[in-house]
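Asks: Supplied in structure tokens, the structure appears directly below.
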Amino acid sequence: MNGLRANHKFDGDGLVAEKDINDLLIAWATEIQALTPENVGGPAVLEAFAGLNELARDAAQSLPFESEPADFVRMLEAYARPSIDDD
Amino acid sequence: MTDSEITHLTLTEVARAIAARDVSSVEVTRACLQRIEQHNDRLNTIAGLNEEAALVAATRADDDLASGNVRGPLHGVPLAHKDLFFRAGELSEWGSSMMTGYRPETTATVLTRLDAAGALDIARLNMVEFALGATGHNNDTGTPRNPWNADYITGGSSSGSGSAVAARFVFGALGTDTGGSIRHPAYCCGLVGLKPTYGRVSRYGAMPLSFSLDHIGPLSRTVSDSAHIVQAIAGHDPKDPTTSSMPVPNYLKSLGRSIKGLRIAIPENHFQDAVDPVLRPFLDDSIEVFRACGAEIVPVTLPKSFELAAPLGALLLSVEGATRHSKWIRERFGEYNAAQFNRLAPGLYYPATRYLEALNLRAKVLSNFVAAVFDVADLFHAPSIPMPVPTVAESDLADDPKFNEFVGRLTSYNRPFNYMGLPALCLPAGFDAQGLPVGFQLVGRPFDEAMLIRAGDAYERETTWTQMAPSL
């Protein structure tokens, strides 16, 4: 996890550059995938994630907020089009 | 017709035969019950069965038909469903010894709607404990077996649904799909499996696992059969506020249609590396079938954000599942199967901000995917499970350090479409050297199940896979 801090640069406002967001998120998601029952234990997990909090917060700043399931259904509806066969 | 001829009809055919009174619902139901009695001990598909009640329901269906009271397009057709759909006063045991004897007080909307369509509900089907597993293993109920070869998995978590339909015990079954659990058994058992769009089918009265990812849909032998089932169950439900009010098209109008000019996207990246080489000819052949039908094949490059979908979906599942089970994880952890506990427990430790960000990111991941794929194509063709069907023995890895990696690989191509809420149709594509099915999936735009049905049905007319049955 500390490797992430070392490998990502911040601008003067402490924000991760847009182009690095995807790399950062993929690295974060990869770390999550690596969790196993052996390394899941309260203090160890909290320490592991502590280094990510600042980075992930910055990454999320530029992303739209759609957290409610009902909102997500509205988003899916926005991409729908009439059925081709329903004449 | 002989009992064997009856049970080898498709849902569509038997519904027509019952409606035309060529065969009675009682004859059909008796044939199904006879087949269950002959073969279930070996396949371990059935969680609960009341033969007398099934025949009473079939008799009532025949009496109604005789008096001109046709309930609906599925009148008198025996179905069975994964043992997590509530029916008031009836057992619903979720594949777990922790739920033994549970009788809910309400009935699932999907069952109410199938009842209204005239279908019979003759059995509860085995499943993975709490719907949390991709292979079908279950130490509490025993593991259902693949009718094509009982040494092999059915896929999960709708394991009994896949086994029962492939074995011709019933003419169709409902399953649930949170990370592939309709499409895994469809792939492994050589069936059609449809995961509709998130919000298309009510989840009221079904055991929840992950409210952001749970979907309900059919497993069946043909695309037409799945179309009939989803036609009955789709649509807004005031009891489930996550359901969409978008009108439900007539999916049956999409059957028998040409797909000339349809654009089907195939990925140039992401899906290539992890697919077992033995599957590649089947996937390529399926693409050629669509091409021969007149579809245009459009290579697309998936956005980098697509890589987030599977791990972020896993995070959502873990957190929402752990929340649902938080009391029991703490108080009754020894009663869970090890595989289920090991997947739920980490969800207790993710910070809330990570969980909310995983939800937030769905919008970005979805919009990027739609732009890359559906701006240039009507459907997306992809592998489903990227490996041949494994045996029950070799995939029994719950206590093995390789378990997470194995499950991750098994589900990695299905889970992204749960995260994005997109409809996906798993179709059979042939049989491998061991005689086990191989399949693929088509993914559609939101609420475009009609396009999936049109293309899947066209593919089926050019192939013979859905006509083949296991020899029990």
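Letters A, B, ... mark the chains of the structure tokens in the order given; residue numbers begin at 1 per chain; ligand numbers begin at 1, in order shown.
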Write out as a list in words every residue belonging to chain B that has an atom at most 7 Å from any atom of chain A, counting only C-alpha atoms.

Replies: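 Residues passing the distance filter: Tyr198, Gly199, Ser212, Thr242, Ser244, Pro249, Asn250, Lys253, Ser254, Ser305, Leu308, Pro311, Leu312, Asn342, Pro346, Tyr349, Leu356, Glu357, Leu359, Asn360, Leu361, Ala363, Arg445, Pro446, Phe447, Asp448 and Ala450 of chain B.
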
Asks: Quick one: which region 387-430 of chain B residues come within 10 Å of region 155-164 of chain B, and what is the nearest atom pair for each with the distance in Å to one decimal, counting only C-alpha atoms, rows ordered by chain and ascending number, as a tab-separated table?

Replies:
residue	atom	partner	partner_atom	distance
B:Val389	CA	B:Gly155	CA	8.2
B:Pro390	CA	B:Gly155	CA	9.1
B:Val392	CA	B:Gly155	CA	9.6
B:Leu410	CA	B:Gly155	CA	9.7

Asks: Between B:Leu49, B:Ala206, B:Ala186, B:Leu315, which one has atoms that come closest to Ile385 (chain B), using only C-alpha atoms?

Replies: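 That would be B:Ala186, the residue with the smallest distance to Ile385 (chain B).
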
Asks: Taking the DSSP assignment computed from this structure's backbone, write out as a list in words all residues of region 209-295 of chain B that belong to strand (DSSP E).

Replies: His215, Ile216, Gly217, Pro218, Leu219, Ser220, Arg263, Ile264, Ala265, Ile266 and Pro267 of chain B

Asks: What separation in Å, quoted to one decimal, exists between CA of Arg409 (chain B) and CA of Asp273 (chain B)?

Replies: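 The value is 11.1 Å.
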
Asks: Any chance you could list, as a ChimeraX atom specification, the residues in region 99-266 of chain B that come up helix (DSSP H, G or I) when DSSP is run on the backbone?

Replies: /B:99,109-116,129-131,159-166,183-189,223-233,251-254

Asks: Would you mind listing what lies within 8 Å of Ala166 (chain B) as a VMD selection string, with only C-alpha atoms counted and same-chain residues fewer than 2 positions away left out?

Replies: chain B and resid 147 162 to 164 168 to 169 189 to 191 220 to 221 469 to 470

Asks: Please produce an output containing all heavy atoms for each residue in the selection, written as a PDB file, in the first residue's frame.

Replies:
ATOM      1  N   PRO B 147     -26.125 -32.989 -15.029  1.00  0.00           N
ATOM      2  CA  PRO B 147     -26.748 -34.115 -15.738  1.00  0.00           C
ATOM      3  C   PRO B 147     -25.921 -34.626 -16.919  1.00  0.00           C
ATOM      4  O   PRO B 147     -26.067 -35.792 -17.302  1.00  0.00           O
ATOM      5  CB  PRO B 147     -28.072 -33.523 -16.231  1.00  0.00           C
ATOM      6  CG  PRO B 147     -28.360 -32.398 -15.290  1.00  0.00           C
ATOM      7  CD  PRO B 147     -27.014 -31.826 -14.945  1.00  0.00           C
ATOM      8  N   GLY B 162     -30.087 -25.112 -12.616  1.00  0.00           N
ATOM      9  CA  GLY B 162     -29.412 -25.590 -13.813  1.00  0.00           C
ATOM     10  C   GLY B 162     -29.566 -27.082 -13.987  1.00  0.00           C
ATOM     11  O   GLY B 162     -29.906 -27.575 -15.064  1.00  0.00           O
ATOM     12  N   SER B 163     -29.361 -27.814 -12.908  1.00  0.00           N
ATOM     13  CA  SER B 163     -29.432 -29.272 -12.987  1.00  0.00           C
ATOM     14  C   SER B 163     -30.844 -29.737 -13.335  1.00  0.00           C
ATOM     15  O   SER B 163     -31.034 -30.620 -14.173  1.00  0.00           O
ATOM     16  CB  SER B 163     -28.978 -29.867 -11.654  1.00  0.00           C
ATOM     17  OG  SER B 163     -28.958 -31.264 -11.700  1.00  0.00           O
ATOM     18  N   ALA B 164     -31.863 -29.140 -12.697  1.00  0.00           N
ATOM     19  CA  ALA B 164     -33.256 -29.585 -12.892  1.00  0.00           C
ATOM     20  C   ALA B 164     -33.723 -29.354 -14.324  1.00  0.00           C
ATOM     21  O   ALA B 164     -34.427 -30.187 -14.896  1.00  0.00           O
ATOM     22  CB  ALA B 164     -34.179 -28.859 -11.919  1.00  0.00           C
ATOM     23  N   ARG B 168     -34.282 -32.282 -17.446  1.00  0.00           N
ATOM     24  CA  ARG B 168     -35.686 -32.383 -17.900  1.00  0.00           C
ATOM     25  C   ARG B 168     -36.614 -32.754 -16.745  1.00  0.00           C
ATOM     26  O   ARG B 168     -37.619 -33.428 -16.944  1.00  0.00           O
ATOM     27  CB  ARG B 168     -35.837 -33.396 -19.052  1.00  0.00           C
ATOM     28  CG  ARG B 168     -35.585 -32.867 -20.456  1.00  0.00           C
ATOM     29  CD  ARG B 168     -34.158 -32.488 -20.715  1.00  0.00           C
ATOM     30  NE  ARG B 168     -33.968 -32.007 -22.076  1.00  0.00           N
ATOM     31  CZ  ARG B 168     -33.029 -31.164 -22.475  1.00  0.00           C
ATOM     32  NH1 ARG B 168     -32.151 -30.683 -21.612  1.00  0.00           N
ATOM     33  NH2 ARG B 168     -32.944 -30.817 -23.760  1.00  0.00           N
ATOM     34  N   PHE B 169     -36.272 -32.317 -15.515  1.00  0.00           N
ATOM     35  CA  PHE B 169     -37.178 -32.490 -14.388  1.00  0.00           C
ATOM     36  C   PHE B 169     -38.340 -31.502 -14.497  1.00  0.00           C
ATOM     37  O   PHE B 169     -39.454 -31.807 -14.086  1.00  0.00           O
ATOM     38  CB  PHE B 169     -36.444 -32.238 -13.068  1.00  0.00           C
ATOM     39  CG  PHE B 169     -35.481 -33.315 -12.656  1.00  0.00           C
ATOM     40  CD1 PHE B 169     -34.706 -33.164 -11.506  1.00  0.00           C
ATOM     41  CD2 PHE B 169     -35.334 -34.485 -13.401  1.00  0.00           C
ATOM     42  CE1 PHE B 169     -33.820 -34.159 -11.104  1.00  0.00           C
ATOM     43  CE2 PHE B 169     -34.446 -35.493 -13.006  1.00  0.00           C
ATOM     44  CZ  PHE B 169     -33.693 -35.320 -11.851  1.00  0.00           C
ATOM     45  N   CYS B 189     -24.414 -26.355 -17.603  1.00  0.00           N
ATOM     46  CA  CYS B 189     -25.449 -27.343 -17.884  1.00  0.00           C
ATOM     47  C   CYS B 189     -25.988 -27.242 -19.311  1.00  0.00           C
ATOM     48  O   CYS B 189     -26.979 -27.899 -19.642  1.00  0.00           O
ATOM     49  CB  CYS B 189     -26.591 -27.207 -16.877  1.00  0.00           C
ATOM     50  SG  CYS B 189     -26.086 -27.571 -15.185  1.00  0.00           S
ATOM     51  N   GLY B 190     -25.385 -26.402 -20.142  1.00  0.00           N
ATOM     52  CA  GLY B 190     -25.793 -26.324 -21.545  1.00  0.00           C
ATOM     53  C   GLY B 190     -27.154 -25.698 -21.750  1.00  0.00           C
ATOM     54  O   GLY B 190     -27.934 -26.135 -22.613  1.00  0.00           O
ATOM     55  N   LEU B 191     -27.456 -24.662 -20.982  1.00  0.00           N
ATOM     56  CA  LEU B 191     -28.774 -24.037 -21.008  1.00  0.00           C
ATOM     57  C   LEU B 191     -28.701 -22.596 -21.471  1.00  0.00           C
ATOM     58  O   LEU B 191     -27.630 -22.020 -21.619  1.00  0.00           O
ATOM     59  CB  LEU B 191     -29.377 -24.074 -19.607  1.00  0.00           C
ATOM     60  CG  LEU B 191     -29.618 -25.452 -18.993  1.00  0.00           C
ATOM     61  CD1 LEU B 191     -30.057 -25.295 -17.543  1.00  0.00           C
ATOM     62  CD2 LEU B 191     -30.644 -26.241 -19.793  1.00  0.00           C
ATOM     63  N   SER B 220     -33.462 -21.966 -18.835  1.00  0.00           N
ATOM     64  CA  SER B 220     -34.371 -22.735 -19.674  1.00  0.00           C
ATOM     65  C   SER B 220     -33.580 -23.430 -20.759  1.00  0.00           C
ATOM     66  O   SER B 220     -32.366 -23.240 -20.879  1.00  0.00           O
ATOM     67  CB  SER B 220     -35.419 -21.796 -20.299  1.00  0.00           C
ATOM     68  OG  SER B 220     -34.786 -20.899 -21.205  1.00  0.00           O
ATOM     69  N   ARG B 221     -34.277 -24.251 -21.550  1.00  0.00           N
ATOM     70  CA  ARG B 221     -33.576 -24.965 -22.596  1.00  0.00           C
ATOM     71  C   ARG B 221     -33.467 -24.160 -23.889  1.00  0.00           C
ATOM     72  O   ARG B 221     -32.590 -24.456 -24.696  1.00  0.00           O
ATOM     73  CB  ARG B 221     -34.283 -26.296 -22.878  1.00  0.00           C
ATOM     74  CG  ARG B 221     -34.122 -27.281 -21.742  1.00  0.00           C
ATOM     75  CD  ARG B 221     -34.968 -28.494 -21.930  1.00  0.00           C
ATOM     76  NE  ARG B 221     -35.763 -28.750 -20.760  1.00  0.00           N
ATOM     77  CZ  ARG B 221     -36.877 -29.468 -20.753  1.00  0.00           C
ATOM     78  NH1 ARG B 221     -37.333 -29.999 -21.871  1.00  0.00           N
ATOM     79  NH2 ARG B 221     -37.534 -29.662 -19.631  1.00  0.00           N
ATOM     80  N   ALA B 469     -29.914 -33.344 -25.356  1.00  0.00           N
ATOM     81  CA  ALA B 469     -30.276 -33.622 -23.973  1.00  0.00           C
ATOM     82  C   ALA B 469     -29.294 -34.617 -23.391  1.00  0.00           C
ATOM     83  O   ALA B 469     -28.811 -35.502 -24.090  1.00  0.00           O
ATOM     84  CB  ALA B 469     -31.694 -34.192 -23.901  1.00  0.00           C
ATOM     85  N   PRO B 470     -29.002 -34.499 -22.108  1.00  0.00           N
ATOM     86  CA  PRO B 470     -28.108 -35.482 -21.485  1.00  0.00           C
ATOM     87  C   PRO B 470     -28.800 -36.830 -21.392  1.00  0.00           C
ATOM     88  O   PRO B 470     -30.021 -36.920 -21.265  1.00  0.00           O
ATOM     89  CB  PRO B 470     -27.842 -34.892 -20.098  1.00  0.00           C
ATOM     90  CG  PRO B 470     -29.024 -34.038 -19.821  1.00  0.00           C
ATOM     91  CD  PRO B 470     -29.498 -33.525 -21.141  1.00  0.00           C
TER      92      PRO B 470
END

Asks: Show which residues sit within 8 Å of Ile329 (chain B), as a VMD selection string. Count only C-alpha atoms, and ignore same-chain residues fewer than 5 positions away.

Replies: chain B and resid 322 341 345

Asks: Restricting the output to N, CA and C atoms, write the selected residues as a short mmCIF file (atom, residue, chain, number, x, y, z; two decimals), in the first residue's frame.

Replies:
data_model
loop_
_atom_site.label_atom_id
_atom_site.label_comp_id
_atom_site.auth_asym_id
_atom_site.auth_seq_id
_atom_site.Cartn_x
_atom_site.Cartn_y
_atom_site.Cartn_z
N ALA B 322 -22.01 -8.94 3.82
CA ALA B 322 -21.59 -8.97 5.23
C ALA B 322 -22.55 -8.17 6.10
N PHE B 341 -18.46 -18.20 4.50
CA PHE B 341 -17.95 -17.33 5.55
C PHE B 341 -16.74 -16.55 5.07
N ALA B 345 -16.95 -12.47 5.43
CA ALA B 345 -16.30 -11.81 6.56
C ALA B 345 -15.46 -10.58 6.18
#

Asks: By how many Å are CA of Gly179 (chain B) and CA of Leu422 (chain B) apart?

Replies: 12.1 Å

Asks: Give the answer as one residue: which of B:Pro104, B:Arg113, B:Ile122, B:Thr176 has the shortest atom-to-atom distance to Thr29 (chain B), using only C-alpha atoms?

Replies: B:Ile122

Asks: Could you please determine the separation between CA of Arg415 (chain B) and CA of Ile182 (chain B) in Å, to one decimal place?

Replies: 11.2 Å

Asks: Using only C-alpha atoms, which of B:Met246, B:Ala227, B:Ala88, B:Ile264 sits nearest Gly193 (chain B)?

Replies: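 The shortest atom-to-atom distance to Gly193 (chain B) comes from B:Ala227.
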